[in-house]
Amino acid sequence: MNIKALKGFKDILPTEVGSWQRVERVARDLFHRYGFAEIRVPVLESTSLFKRSIGETTDIVEKEMYTFTDKNGDSVTLRPEGTAAVLRAFVEHSLHLLQPIQRLYTIGPMFRHERPQKGRLRQFHQLSVEVLGSEEPMVDAELMAMAWQLLTELGVNVSLEINSLGCPECRPNYNQALRDFIDARAEKLCDDCNRRRQTNPLRVLDCKNPNCQEQYQGVPLLPDFLCGGCRDHFGEVCRLLDLLAIPYKKNAFMVRGLDYYTRTTFELITRDLGAQSAVGAGGRYDGLVAQLGGPKLPGIGFAVGMERLTLLLEQLNGPQADSGSDLFIVALGEAARNRAFLLTQEGRRNGLAVLMDPAGRSMKAQMKQADKFQARYVLIMGEEELAKGIAILRDMASKAQEELALGDELGKELAVRINK
Ligand code: ATP
Ligand code: MG
């Protein structure tokens, strides 16, 4: 039987995992500098968590969730995004009591039953970031600055688009104006738009159908409907981004697919991945913590898709393998092999990545292995060297060689030479 991975589920192989490791390393380091702590939450949650937070009429809840009934008869769902699960944990453990502002991040797989394409999988991975407990515009600006810095430090070229979706006070007015506008054109719109007209009018602006797009020329725009509070908030967010010299574009058509967003929303857009143009996205969700049964605390977050990010890195740098070893010890003869076996352990204790051939093949075969493991250095210990009390260290890049004494300190000495 020839069993393969499921459609839309992908193995990340050692030959390509280097870009993933780099993204995680850079992200963890950066998030730490911005005061974020890591939280790890389960991938399986009650279905009601996602229905209640993401919204019943969103694409995710309507058609993309992996939902099943477990053995107790409860409906459970593989998380389609990170925010709901992190907020569930935040509320469950009363994390707001620890600090007035909580900055949290999580890294891991998400699941959505969509049509797989390049940059779109059914199991994909996100870096997901939340700030809970402040509605200050400075938090919005800081969060976008962090997203921007992440992509800049990775050398990826994206543009930042921002919008404000208003609040429960002003959004209903806009929804009404939008509905009136769409109703007048109903026959000319696609089925999706007609459905959304009833359930979630904001989403029609997302429609990719060129016919619909044409109909939406002259559509009322959200920024014109913001209440004073939302307008001031958005103005201040923009001012602070200007202050930090972070380039952005206002996009009044950007609505985001999740129900919980309020005020600031943003997307990180690339031109280099065809139709899958969003590398990351986020926004403010001031009502969500309370909606999940927690205290009345505002929040804002974003998620970056790691598949799309690593695709961009591979376009720039080619696939990156997991890092090779520092040192391969080539040993010939019983005595040398024993000595080498001890030395591999000593090298590892001193911080080096060390390998040797367990089978004791010919010199040529061992050198070949050293190559395959991409060893930066090879230490050669034949019977002749052993008799002289030395080993030969070869730098594989420059081919330079030197003789080292086979003393008790050799492991340490190798570490010093190789790490310099
Ligand atoms: P899209 O419009 O591309 O479907 P989205 O609005 O559904 O994106 P979000 O829910 O905001 O995406 O998730 C944030 C990021 O996660 C996206 O910008 C993208 O990089 C990534 N992402 C979302 N869905 C997938 C998927 N199925 N496969 C790979 N990455 C994804
Ligand atoms: Mg989507």
# chains A, B, ... in the order shown; residues from 1 in each chain; ligands from 1

call {"tool": "residues_around", "arguments": {"residues": "Leu297 of chain A", "least_positions_apart": "2", "cutoff": "7 Å", "atoms": "only C-alpha atoms", "output": "list in words"}}
result
Leu132, Gly133, Asp286, Val289, Ala290, Pro295 and Gly299 of chain A

call {"tool": "write_last_selection", "arguments": {"atoms": "C-alpha atoms", "output": "PDB file, in the first residue's frame"}}
result
ATOM      1  CA  LEU A 132      -4.582  42.719  24.996  1.00  0.00           C
ATOM      2  CA  GLY A 133      -5.580  45.502  27.357  1.00  0.00           C
ATOM      3  CA  ASP A 286     -12.054  45.630  20.915  1.00  0.00           C
ATOM      4  CA  VAL A 289     -12.488  39.361  24.820  1.00  0.00           C
ATOM      5  CA  ALA A 290     -15.839  40.268  26.385  1.00  0.00           C
ATOM      6  CA  PRO A 295     -13.371  41.153  30.992  1.00  0.00           C
ATOM      7  CA  GLY A 299      -7.223  43.946  21.796  1.00  0.00           C
TER       8      GLY A 299
END

call {"tool": "residues_near_ligand", "arguments": {"ligand": "ligand 1", "cutoff": "9 Å", "atoms": "only C-alpha atoms and all ligand atoms", "output": "ChimeraX atom specification"}}
result
/A:8,59-60,80-81,110-128,206,256-258,267-269,275-282,302-309

call {"tool": "select_by_dssp", "arguments": {"residues": "segment 115-300 of chain A", "states": "strand (DSSP E)", "output": "PyMOL selection string"}}
result
chain A and resi 123-132+159-164+249-250+262-269+278-284+299-300

call {"tool": "closest_residue", "arguments": {"among": "A:Asn194, A:Thr83, A:Gln369, A:Thr152", "to": "Val43 of chain A", "atoms": "only C-alpha atoms"}}
result
A:Thr83

call {"tool": "closest_residue", "arguments": {"among": "A:Thr58, A:Asn251, A:Asn157, A:Ser134", "to": "ligand 2", "atoms": "only C-alpha atoms and all ligand atoms"}}
result
A:Thr58

call {"tool": "closest_residue", "arguments": {"among": "A:Met356, A:Ala85, A:Leu414, A:Ala375", "to": "Ser323 of chain A", "atoms": "only C-alpha atoms"}}
result
A:Ala375

call {"tool": "residues_around", "arguments": {"residues": "Pro247 of chain A", "least_positions_apart": "2", "cutoff": "8 Å", "atoms": "only C-alpha atoms", "output": "PyMOL selection string"}}
result
chain A and resi 159-160+241-242+245+249

call {"tool": "write_last_selection", "arguments": {"atoms": "all heavy atoms", "output": "short mmCIF file (atom, residue, chain, number, x, y, z; two decimals), in the first residue's frame"}}
result
data_model
loop_
_atom_site.label_atom_id
_atom_site.label_comp_id
_atom_site.auth_asym_id
_atom_site.auth_seq_id
_atom_site.Cartn_x
_atom_site.Cartn_y
_atom_site.Cartn_z
N SER A 159 4.12 45.57 0.91
CA SER A 159 3.58 46.89 1.22
C SER A 159 2.50 46.75 2.29
O SER A 159 1.85 45.72 2.41
CB SER A 159 3.05 47.57 -0.03
OG SER A 159 2.13 46.73 -0.67
N LEU A 160 2.37 47.80 3.08
CA LEU A 160 1.43 47.81 4.19
C LEU A 160 0.20 48.62 3.79
O LEU A 160 0.32 49.76 3.38
CB LEU A 160 2.11 48.45 5.41
CG LEU A 160 1.27 48.71 6.65
CD1 LEU A 160 0.76 47.42 7.26
CD2 LEU A 160 2.08 49.50 7.69
N LEU A 241 2.57 56.21 12.57
CA LEU A 241 3.29 55.48 11.51
C LEU A 241 4.18 56.45 10.73
O LEU A 241 5.31 56.11 10.38
CB LEU A 241 2.30 54.79 10.57
CG LEU A 241 1.60 53.54 11.12
CD1 LEU A 241 0.55 53.04 10.13
CD2 LEU A 241 2.61 52.43 11.42
N ASP A 242 3.65 57.65 10.48
CA ASP A 242 4.46 58.67 9.80
C ASP A 242 5.69 59.01 10.63
O ASP A 242 6.80 59.12 10.10
CB ASP A 242 3.64 59.95 9.57
CG ASP A 242 2.54 59.75 8.54
OD1 ASP A 242 2.67 58.83 7.71
OD2 ASP A 242 1.54 60.50 8.58
N ALA A 245 8.26 56.72 10.19
CA ALA A 245 8.63 56.63 8.77
C ALA A 245 8.35 55.24 8.20
O ALA A 245 9.12 54.71 7.41
CB ALA A 245 10.10 57.02 8.57
N LYS A 249 -0.26 52.48 2.82
CA LYS A 249 -1.25 53.00 1.89
C LYS A 249 -2.61 52.82 2.52
O LYS A 249 -2.91 51.74 3.04
CB LYS A 249 -1.16 52.21 0.59
CG LYS A 249 -1.67 52.93 -0.62
CD LYS A 249 -1.52 52.07 -1.87
CE LYS A 249 -2.90 51.61 -2.31
NZ LYS A 249 -2.93 50.45 -3.13
#

call {"tool": "residues_around", "arguments": {"residues": "Ala252 of chain A", "least_positions_apart": "5", "cutoff": "10 Å", "atoms": "only C-alpha atoms", "output": "list in words"}}
result
Glu161, Ile162, Asn163, Ser164, Leu165, Leu205, Pro220, Leu221, Leu222, Pro223 and Asp224 of chain A

call {"tool": "residues_around", "arguments": {"residues": "segment 230-237 of chain A", "least_positions_apart": "4", "cutoff": "6 Å", "atoms": "only C-alpha atoms", "output": "PyMOL selection string"}}
result
chain A and resi 137+141+166+226

call {"tool": "atom_distance", "arguments": {"atom1": "atom CA of Glu383 of chain A", "atom2": "atom CA of Gly360 of chain A"}}
result
13.0 Å

call {"tool": "atom_distance", "arguments": {"atom1": "atom CA of Lys7 of chain A", "atom2": "atom CA of Glu314 of chain A"}}
result
22.3 Å

call {"tool": "residues_around", "arguments": {"residues": "Pro358 of chain A", "least_positions_apart": "6", "cutoff": "12 Å", "atoms": "only C-alpha atoms", "output": "PDB file with C-alpha atoms, in the first residue's frame"}}
result
ATOM      1  CA  PHE A 328      33.287  14.989  10.453  1.00  0.00           C
ATOM      2  CA  ILE A 329      35.882  12.703  11.977  1.00  0.00           C
ATOM      3  CA  VAL A 330      37.472  10.288   9.534  1.00  0.00           C
ATOM      4  CA  ALA A 331      39.045   7.413  11.463  1.00  0.00           C
ATOM      5  CA  LEU A 332      40.890   4.346  10.118  1.00  0.00           C
ATOM      6  CA  GLU A 334      40.254   0.001  15.500  1.00  0.00           C
ATOM      7  CA  ARG A 337      37.963   4.615  15.704  1.00  0.00           C
ATOM      8  CA  ASN A 338      37.732   4.269  19.473  1.00  0.00           C
ATOM      9  CA  ALA A 340      37.310   9.195  17.325  1.00  0.00           C
ATOM     10  CA  PHE A 341      34.170   7.900  19.000  1.00  0.00           C
ATOM     11  CA  THR A 344      32.722  13.008  18.775  1.00  0.00           C
ATOM     12  CA  ALA A 365      33.943   6.481   1.531  1.00  0.00           C
ATOM     13  CA  GLN A 366      34.278   8.441   4.761  1.00  0.00           C
ATOM     14  CA  GLN A 369      30.074  11.076   3.796  1.00  0.00           C
TER      15      GLN A 369
END

call {"tool": "closest_residue", "arguments": {"among": "A:Cys167, A:Leu240, A:Met381, A:Val26", "to": "Gln149 of chain A", "atoms": "only C-alpha atoms"}}
result
A:Val26

call {"tool": "residues_around", "arguments": {"residues": "segment 198-201 of chain A", "least_positions_apart": "6", "cutoff": "12 Å", "atoms": "only C-alpha atoms", "output": "PDB file with N, CA and C atoms, in the first residue's frame"}}
result
ATOM      1  N   GLY A  55     -17.267  34.289  13.615  1.00  0.00           N
ATOM      2  CA  GLY A  55     -18.561  34.718  13.066  1.00  0.00           C
ATOM      3  C   GLY A  55     -19.176  33.668  12.166  1.00  0.00           C
ATOM      4  N   GLU A  56     -20.477  33.455  12.334  1.00  0.00           N
ATOM      5  CA  GLU A  56     -21.189  32.371  11.626  1.00  0.00           C
ATOM      6  C   GLU A  56     -21.215  32.579  10.114  1.00  0.00           C
ATOM      7  N   THR A  57     -21.165  33.849   9.662  1.00  0.00           N
ATOM      8  CA  THR A  57     -21.361  34.078   8.231  1.00  0.00           C
ATOM      9  C   THR A  57     -20.044  34.344   7.502  1.00  0.00           C
ATOM     10  N   THR A  58     -18.928  33.993   8.131  1.00  0.00           N
ATOM     11  CA  THR A  58     -17.647  34.197   7.456  1.00  0.00           C
ATOM     12  C   THR A  58     -17.316  32.966   6.619  1.00  0.00           C
ATOM     13  N   ASP A  59     -16.429  33.150   5.642  1.00  0.00           N
ATOM     14  CA  ASP A  59     -16.003  32.019   4.807  1.00  0.00           C
ATOM     15  C   ASP A  59     -15.445  30.898   5.668  1.00  0.00           C
ATOM     16  N   GLU A  62     -18.324  29.194   7.582  1.00  0.00           N
ATOM     17  CA  GLU A  62     -19.304  28.599   6.668  1.00  0.00           C
ATOM     18  C   GLU A  62     -18.754  27.401   5.914  1.00  0.00           C
ATOM     19  N   ARG A 171     -20.382  51.663  12.578  1.00  0.00           N
ATOM     20  CA  ARG A 171     -20.437  50.656  11.498  1.00  0.00           C
ATOM     21  C   ARG A 171     -21.865  50.407  11.004  1.00  0.00           C
ATOM     22  N   PRO A 172     -22.879  50.336  11.901  1.00  0.00           N
ATOM     23  CA  PRO A 172     -24.240  50.088  11.414  1.00  0.00           C
ATOM     24  C   PRO A 172     -24.702  51.127  10.387  1.00  0.00           C
ATOM     25  N   ASN A 173     -24.305  52.393  10.586  1.00  0.00           N
ATOM     26  CA  ASN A 173     -24.687  53.415   9.595  1.00  0.00           C
ATOM     27  C   ASN A 173     -24.076  53.091   8.241  1.00  0.00           C
ATOM     28  N   TYR A 174     -22.830  52.700   8.289  1.00  0.00           N
ATOM     29  CA  TYR A 174     -22.169  52.361   7.030  1.00  0.00           C
ATOM     30  C   TYR A 174     -22.818  51.138   6.405  1.00  0.00           C
ATOM     31  N   ASN A 175     -23.060  50.102   7.206  1.00  0.00           N
ATOM     32  CA  ASN A 175     -23.690  48.886   6.689  1.00  0.00           C
ATOM     33  C   ASN A 175     -25.000  49.225   5.975  1.00  0.00           C
ATOM     34  N   GLN A 176     -25.758  50.151   6.568  1.00  0.00           N
ATOM     35  CA  GLN A 176     -27.037  50.523   5.974  1.00  0.00           C
ATOM     36  C   GLN A 176     -26.819  51.199   4.621  1.00  0.00           C
ATOM     37  N   ALA A 177     -25.890  52.149   4.590  1.00  0.00           N
ATOM     38  CA  ALA A 177     -25.614  52.864   3.334  1.00  0.00           C
ATOM     39  C   ALA A 177     -25.127  51.884   2.267  1.00  0.00           C
ATOM     40  N   LEU A 178     -24.301  50.949   2.710  1.00  0.00           N
ATOM     41  CA  LEU A 178     -23.748  49.966   1.777  1.00  0.00           C
ATOM     42  C   LEU A 178     -24.871  49.073   1.251  1.00  0.00           C
ATOM     43  N   ARG A 179     -25.736  48.632   2.162  1.00  0.00           N
ATOM     44  CA  ARG A 179     -26.839  47.750   1.769  1.00  0.00           C
ATOM     45  C   ARG A 179     -27.753  48.458   0.755  1.00  0.00           C
ATOM     46  N   ASP A 180     -28.057  49.717   1.018  1.00  0.00           N
ATOM     47  CA  ASP A 180     -28.905  50.468   0.078  1.00  0.00           C
ATOM     48  C   ASP A 180     -28.260  50.514  -1.298  1.00  0.00           C
ATOM     49  N   PHE A 181     -26.940  50.770  -1.287  1.00  0.00           N
ATOM     50  CA  PHE A 181     -26.210  50.854  -2.558  1.00  0.00           C
ATOM     51  C   PHE A 181     -26.253  49.514  -3.298  1.00  0.00           C
ATOM     52  N   ILE A 182     -26.043  48.415  -2.561  1.00  0.00           N
ATOM     53  CA  ILE A 182     -26.014  47.098  -3.218  1.00  0.00           C
ATOM     54  C   ILE A 182     -27.421  46.693  -3.670  1.00  0.00           C
ATOM     55  N   ASP A 183     -28.401  46.956  -2.827  1.00  0.00           N
ATOM     56  CA  ASP A 183     -29.772  46.571  -3.174  1.00  0.00           C
ATOM     57  C   ASP A 183     -30.163  47.136  -4.539  1.00  0.00           C
ATOM     58  N   ALA A 186     -28.725  44.810  -7.219  1.00  0.00           N
ATOM     59  CA  ALA A 186     -28.752  43.384  -6.886  1.00  0.00           C
ATOM     60  C   ALA A 186     -28.716  42.459  -8.103  1.00  0.00           C
ATOM     61  N   ASP A 191     -23.872  35.593  -7.211  1.00  0.00           N
ATOM     62  CA  ASP A 191     -24.646  34.943  -6.141  1.00  0.00           C
ATOM     63  C   ASP A 191     -24.025  35.180  -4.774  1.00  0.00           C
ATOM     64  N   ASP A 192     -22.694  35.095  -4.735  1.00  0.00           N
ATOM     65  CA  ASP A 192     -21.988  35.308  -3.463  1.00  0.00           C
ATOM     66  C   ASP A 192     -22.324  36.677  -2.884  1.00  0.00           C
ATOM     67  N   CYS A 207     -15.187  40.980  -3.082  1.00  0.00           N
ATOM     68  CA  CYS A 207     -15.485  40.128  -4.240  1.00  0.00           C
ATOM     69  C   CYS A 207     -14.473  40.380  -5.367  1.00  0.00           C
ATOM     70  N   VAL A 255     -11.603  45.029   3.934  1.00  0.00           N
ATOM     71  CA  VAL A 255     -12.589  44.782   4.984  1.00  0.00           C
ATOM     72  C   VAL A 255     -12.226  43.623   5.907  1.00  0.00           C
ATOM     73  N   ARG A 256     -11.371  42.715   5.487  1.00  0.00           N
ATOM     74  CA  ARG A 256     -10.996  41.547   6.298  1.00  0.00           C
ATOM     75  C   ARG A 256     -12.179  40.594   6.479  1.00  0.00           C
ATOM     76  N   GLY A 257     -11.874  39.307   6.466  1.00  0.00           N
ATOM     77  CA  GLY A 257     -12.928  38.301   6.426  1.00  0.00           C
ATOM     78  C   GLY A 257     -13.501  37.865   7.759  1.00  0.00           C
ATOM     79  N   LEU A 258     -13.007  38.401   8.862  1.00  0.00           N
ATOM     80  CA  LEU A 258     -13.476  37.924  10.157  1.00  0.00           C
ATOM     81  C   LEU A 258     -14.364  38.978  10.805  1.00  0.00           C
ATOM     82  N   ASP A 259     -15.390  38.507  11.492  1.00  0.00           N
ATOM     83  CA  ASP A 259     -16.385  39.429  12.048  1.00  0.00           C
ATOM     84  C   ASP A 259     -15.862  40.299  13.174  1.00  0.00           C
TER      85      ASP A 259
END

call {"tool": "atom_distance", "arguments": {"atom1": "atom CA of Tyr260 of chain A", "atom2": "atom CA of Phe225 of chain A"}}
result
18.6 Å

call {"tool": "select_by_dssp", "arguments": {"residues": "segment 343-406 of chain A", "states": "alpha helix (DSSP H)", "output": "VMD selection string"}}
result
chain A and resid 343 to 349 363 to 372 383 to 388

call {"tool": "closest_residue", "arguments": {"among": "A:Glu64, A:Glu92, A:Glu384, A:Glu45", "to": "ligand 2", "atoms": "only C-alpha atoms and all ligand atoms"}}
result
A:Glu64
